[in-house]
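Presented below is the structure to which this report refers.
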Amino acid sequence: MNTSGLAQYIPIVLMFLVALGFVVVTMLATHLLGPKRKTKIKLDTFECGIEAKGNARLPFNIKYFLVAILFVLFDVEVIFMYPWAVNFRDLGQTGFIEMILFIGFLLVGFFYLLKKGALKWED
């Protein structure tokens with residue numbers, strides 16, 4: 001069976017359209033058919049069963065966000081090491097050298113962050 005060009009992507013596009021249609025229909029149906037009882041308790045902020053105190057829009061230290069973003073960045077980079085470890089023997093010496101370069105670039109970025117003081121909590 002020889003399909004050409006864009007014709008081979010029709011099943012994928014159809015799958016996305018069906019998924020999108022399901023989401024839209026489900027959201028509209030729950031919005032139109034669901035109960036609309038807005039009480040003070042329902043509209044109140046819920047945080048793990050603890051009563052909310054004060055304003056949630058207080059200034060937040062940027063260091064927390066920086067550490068979280070750096071964690072995600074390095075965590076995603078480490079995820080790339082898993083397929084390498086699984087296929088270690090098949091990749092041979094070339095794969096080993098590429099992973100050494102990858103880890104080297106990762107360490108260069110990490111030491112750059114340390115030098116810039118991105119992980120220091122005290123000012």
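Each chain of the structure tokens is named A, B, ... in the order shown, its residues numbered from 1; ligands are numbered from 1 in display order.
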
Segment 41-94 of chain A near segment 101-109 of chain A within 10 Å: what's each residue's closest atom pair and its distance in Å to one decimal, counting only C-alpha atoms, ordered by chain then ascending residue number, as CSV?
residue,atom,partner,partner_atom,distance
A:Phe74,CA,A:Leu106,CA,7.8
A:Glu77,CA,A:Leu106,CA,7.8
A:Val78,CA,A:Ile103,CA,8.9
A:Phe80,CA,A:Phe102,CA,9.5
A:Met81,CA,A:Ile103,CA,9.1

Pick from A:Leu91, A:Met27, A:Lys40, A:Phe110, whichever lies nearest to Leu73 of chain A using only C-alpha atoms: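 Going through A:Leu91, A:Met27, A:Lys40, A:Phe110 one by one, the smallest distance to Leu73 of chain A is for A:Phe110.
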
For Gly117 of chain A: contacts at 12 Å, only C-alpha atoms, fewer than 5 positions along chain excluded, given as JSON, numbers by chain: {"A": [63, 66, 67, 110, 111, 112, 122, 123]}

Residue set, chain A restricted to helix (DSSP H, G or I), as an NGL selection string: :A and (5-33 or 40-43 or 62-79 or 81-86 or 88-116)
